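Here's the structure, in structure tokens; my notes come after.
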Amino acid sequence: MMSYKQFWTKKTLIGLGLGQFLSLLITSTGFTSSELAKRGINVPTSQSFLNYLLLAIVYGSIVIYRKKALKAKWYYYIPLGLVDVEANYLVVMAYQYTSMTSVMLLDCWSIPSVMVLTWFFLKTKYRFRKITGVIVCIAGLVLVVFSDVHAGDRAGGSNPRKGDAIVIAGATLYAVSNVSEEFLVKNADRVELMAMLGLFGAIVSAIQISIVERNALRSIHWTPGQALPFVGFSVAMFLFYSLVPILLKINGSTMLNLSLLTSDMWSVVIRIFAYKEKVDWLYFVAFGAVTVGLIIYSGGDKDGNPRQAEVADEDAARNKCFDEEASTGSWNQGTVAGSSKTGESSNHAIAANGVAEREVVENKNIGKDAQGKIS
């Protein structure tokens, strides 16, 4: 039986707190997007572009200041940027074809997708307690869906089947993006990841804007009231992207996706206190269920991070693979540099030791010959 102190570890508390802060950031992006939609501004790729541009400028400047070679090949980040941009675009576009309730429910597809991908590629092992936490979280979100149905808020949408398929595709891409970021942040560098994701995300977004949203941007008459939520969305997304790698490194992709489930509940809280709206009582039960599921999933994780210890051999194998491929010769550049600097002196030391050993052997042989002669 796990004790109270073993359950409420520092790692557990950090994971829960950081996860809920990220959930609040996502909630704020949802409300700013809603405000933009009310003003007739529907340019999701353009909103994401400003976020990627901020990431490229801020973290790219740090990478340039360091003057160090990249730990991963630069073109590894191209597919990551493409997947991340399209995941954001697909989920936002799905609201045009299906109901909000369907999007909320089907977006949970990212959770089992993340678990399968981390189990297959990152060799993550999920115990029964963590699987139980996932089930409780999803059950809580299902209660939110029933709450919408009970309140009569469910709308069919113009093309529900198409919309549902788009949501599933977007959720799958979210899972791929999150698992890829988890791998890179644990084997490369967080600042490098953000800089390169921002760079290639901005490039992909710019190309997509020129094809899809060029006319929509031209038709917008910008005012301070329209620019404020646009900028607010970008700042919230920038903070979200900056903090996600920290949670990925501490608790992993599954914990991130489970934490984001509460964003819908936080939006309800804002509706109650900010807009004085009434919500169904099932929302509160759902919020409690998701909270309990998060505690079950993250509770008892040791500060020493046994999860990383379980996959240490696999991480070492992956690092070795990248060592052979990288033009710099290693993901762990500092270690290799140190080894190359000390290589010559080490060779001299080995040679000196060899000479000393031969002298000892020769002295022993002389001693034996002398004893033989005396006898």
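Scheme for the structure tokens: letters A, B, ... for chains in order shown; per-chain residue numbers from 1; ligand numbers from 1 in order shown.
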- [ ] Tell me which protein, DNA and RNA residues are within 9 Å of range 234-250 of chain A, counting only C-alpha atoms, leaving out same-chain ones fewer than 6 positions away, and put them as a PyMOL selection string.
- [x] chain A and resi 11+14-15+18-19+21-23+25-26+28-29+47-52+54-55+178-179+181-183+185-186+190-191+193-194+256+305
Task: Nearest to Ser33 in chain A by atom-to-atom distance, counting only C-alpha atoms, from A:Met255, A:Val231, A:Val285, A:Leu82 - done: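 The shortest atom-to-atom distance to Ser33 in chain A comes from A:Val231.
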Open item on the list: Neighbouring residues of Leu217 in chain A were defined as those with any atom within 12 Å, considering only C-alpha atoms; residues of the same chain fewer than 4 positions away were excluded. Please report them as a ChimeraX atom specification.
Closed with: /A:40-47,209-213,221-222
Export of prior selection with all heavy atoms as a short mmCIF file (atom, residue, chain, number, x, y, z; two decimals), in the first residue's frame:
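As written to disk, part11.cif reads:
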data_model
loop_
_atom_site.label_atom_id
_atom_site.label_comp_id
_atom_site.auth_asym_id
_atom_site.auth_seq_id
_atom_site.Cartn_x
_atom_site.Cartn_y
_atom_site.Cartn_z
N GLY A 40 -15.96 38.01 -37.12
CA GLY A 40 -15.86 37.61 -38.52
C GLY A 40 -14.45 37.30 -38.98
O GLY A 40 -14.19 37.27 -40.19
N ILE A 41 -13.52 37.05 -38.05
CA ILE A 41 -12.13 36.73 -38.40
C ILE A 41 -11.92 35.23 -38.23
O ILE A 41 -11.90 34.72 -37.11
CB ILE A 41 -11.14 37.52 -37.52
CG1 ILE A 41 -11.36 39.02 -37.67
CG2 ILE A 41 -9.71 37.15 -37.87
CD1 ILE A 41 -10.51 39.87 -36.76
N ASN A 42 -11.80 34.53 -39.33
CA ASN A 42 -11.60 33.08 -39.31
C ASN A 42 -10.33 32.73 -40.09
O ASN A 42 -10.38 32.32 -41.26
CB ASN A 42 -12.81 32.35 -39.91
CG ASN A 42 -14.07 32.56 -39.08
OD1 ASN A 42 -14.11 32.19 -37.91
ND2 ASN A 42 -15.08 33.18 -39.68
N VAL A 43 -9.19 32.95 -39.46
CA VAL A 43 -7.90 32.67 -40.09
C VAL A 43 -7.02 31.89 -39.10
O VAL A 43 -6.04 32.44 -38.56
CB VAL A 43 -7.21 33.98 -40.54
CG1 VAL A 43 -7.85 34.52 -41.81
CG2 VAL A 43 -7.27 35.03 -39.43
N PRO A 44 -7.34 30.62 -38.84
CA PRO A 44 -6.61 29.85 -37.82
C PRO A 44 -5.12 29.69 -38.12
O PRO A 44 -4.30 29.74 -37.21
CB PRO A 44 -7.32 28.50 -37.82
CG PRO A 44 -8.01 28.41 -39.14
CD PRO A 44 -8.39 29.81 -39.48
N THR A 45 -4.77 29.52 -39.38
CA THR A 45 -3.35 29.36 -39.71
C THR A 45 -2.58 30.65 -39.46
O THR A 45 -1.44 30.62 -39.00
CB THR A 45 -3.19 28.94 -41.18
OG1 THR A 45 -4.02 27.81 -41.45
CG2 THR A 45 -1.75 28.58 -41.49
N SER A 46 -3.21 31.79 -39.73
CA SER A 46 -2.55 33.07 -39.49
C SER A 46 -2.32 33.30 -38.00
O SER A 46 -1.30 33.87 -37.59
CB SER A 46 -3.40 34.21 -40.06
OG SER A 46 -3.58 34.04 -41.45
N GLN A 47 -3.29 32.87 -37.17
CA GLN A 47 -3.11 32.99 -35.73
C GLN A 47 -1.91 32.16 -35.26
O GLN A 47 -1.11 32.60 -34.44
CB GLN A 47 -4.38 32.51 -35.01
CG GLN A 47 -5.59 33.40 -35.25
CD GLN A 47 -6.85 32.81 -34.65
OE1 GLN A 47 -7.92 32.90 -35.24
NE2 GLN A 47 -6.74 32.20 -33.49
N ILE A 209 -0.89 29.93 -45.61
CA ILE A 209 -1.65 31.20 -45.62
C ILE A 209 -1.75 31.75 -47.04
O ILE A 209 -2.81 32.23 -47.46
CB ILE A 209 -0.99 32.22 -44.69
CG1 ILE A 209 -1.18 31.80 -43.23
CG2 ILE A 209 -1.56 33.62 -44.91
CD1 ILE A 209 -0.37 32.62 -42.25
N SER A 210 -0.64 31.70 -47.77
CA SER A 210 -0.64 32.24 -49.13
C SER A 210 -1.57 31.47 -50.06
O SER A 210 -2.07 32.01 -51.05
CB SER A 210 0.79 32.21 -49.70
OG SER A 210 1.24 30.86 -49.83
N ILE A 211 -1.86 30.22 -49.70
CA ILE A 211 -2.74 29.40 -50.55
C ILE A 211 -4.19 29.45 -50.08
O ILE A 211 -5.12 29.58 -50.88
CB ILE A 211 -2.25 27.93 -50.56
CG1 ILE A 211 -0.83 27.85 -51.13
CG2 ILE A 211 -3.20 27.04 -51.35
CD1 ILE A 211 -0.21 26.48 -51.03
N VAL A 212 -4.41 29.35 -48.75
CA VAL A 212 -5.75 29.16 -48.21
C VAL A 212 -6.38 30.44 -47.67
O VAL A 212 -7.57 30.68 -47.90
CB VAL A 212 -5.72 28.08 -47.09
CG1 VAL A 212 -7.10 27.87 -46.51
CG2 VAL A 212 -5.17 26.77 -47.63
N GLU A 213 -5.60 31.27 -46.98
CA GLU A 213 -6.18 32.38 -46.22
C GLU A 213 -5.81 33.76 -46.77
O GLU A 213 -6.04 34.77 -46.11
CB GLU A 213 -5.76 32.29 -44.75
CG GLU A 213 -6.24 31.02 -44.06
CD GLU A 213 -5.80 30.94 -42.61
OE1 GLU A 213 -5.10 31.87 -42.15
OE2 GLU A 213 -6.16 29.96 -41.94
N HIS A 221 -10.65 44.32 -41.80
CA HIS A 221 -10.37 45.72 -41.48
C HIS A 221 -9.94 45.77 -40.02
O HIS A 221 -10.76 45.70 -39.11
CB HIS A 221 -11.61 46.58 -41.71
CG HIS A 221 -12.09 46.57 -43.13
ND1 HIS A 221 -11.44 47.25 -44.16
CD2 HIS A 221 -13.15 45.94 -43.71
CE1 HIS A 221 -12.08 47.05 -45.30
NE2 HIS A 221 -13.13 46.26 -45.05
N TRP A 222 -8.63 45.89 -39.79
CA TRP A 222 -8.08 45.76 -38.45
C TRP A 222 -8.40 46.97 -37.60
O TRP A 222 -8.21 48.12 -38.01
CB TRP A 222 -6.57 45.55 -38.52
CG TRP A 222 -6.18 44.23 -39.13
CD1 TRP A 222 -5.74 44.01 -40.40
CD2 TRP A 222 -6.22 42.96 -38.49
NE1 TRP A 222 -5.50 42.68 -40.60
CE2 TRP A 222 -5.79 42.00 -39.44
CE3 TRP A 222 -6.58 42.52 -37.21
CZ2 TRP A 222 -5.70 40.65 -39.15
CZ3 TRP A 222 -6.50 41.18 -36.92
CH2 TRP A 222 -6.07 40.26 -37.88
#
TODO: Go through A:Leu197, A:Ala206, A:Val83, A:Leu294 one by one, measure the shortest atom-to-atom distance of each to Ile131 in chain A using only C-alpha atoms, and give the residue with the smallest value.
DONE: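 With only C-alpha atoms as the atom set, the closest residue is A:Leu294.
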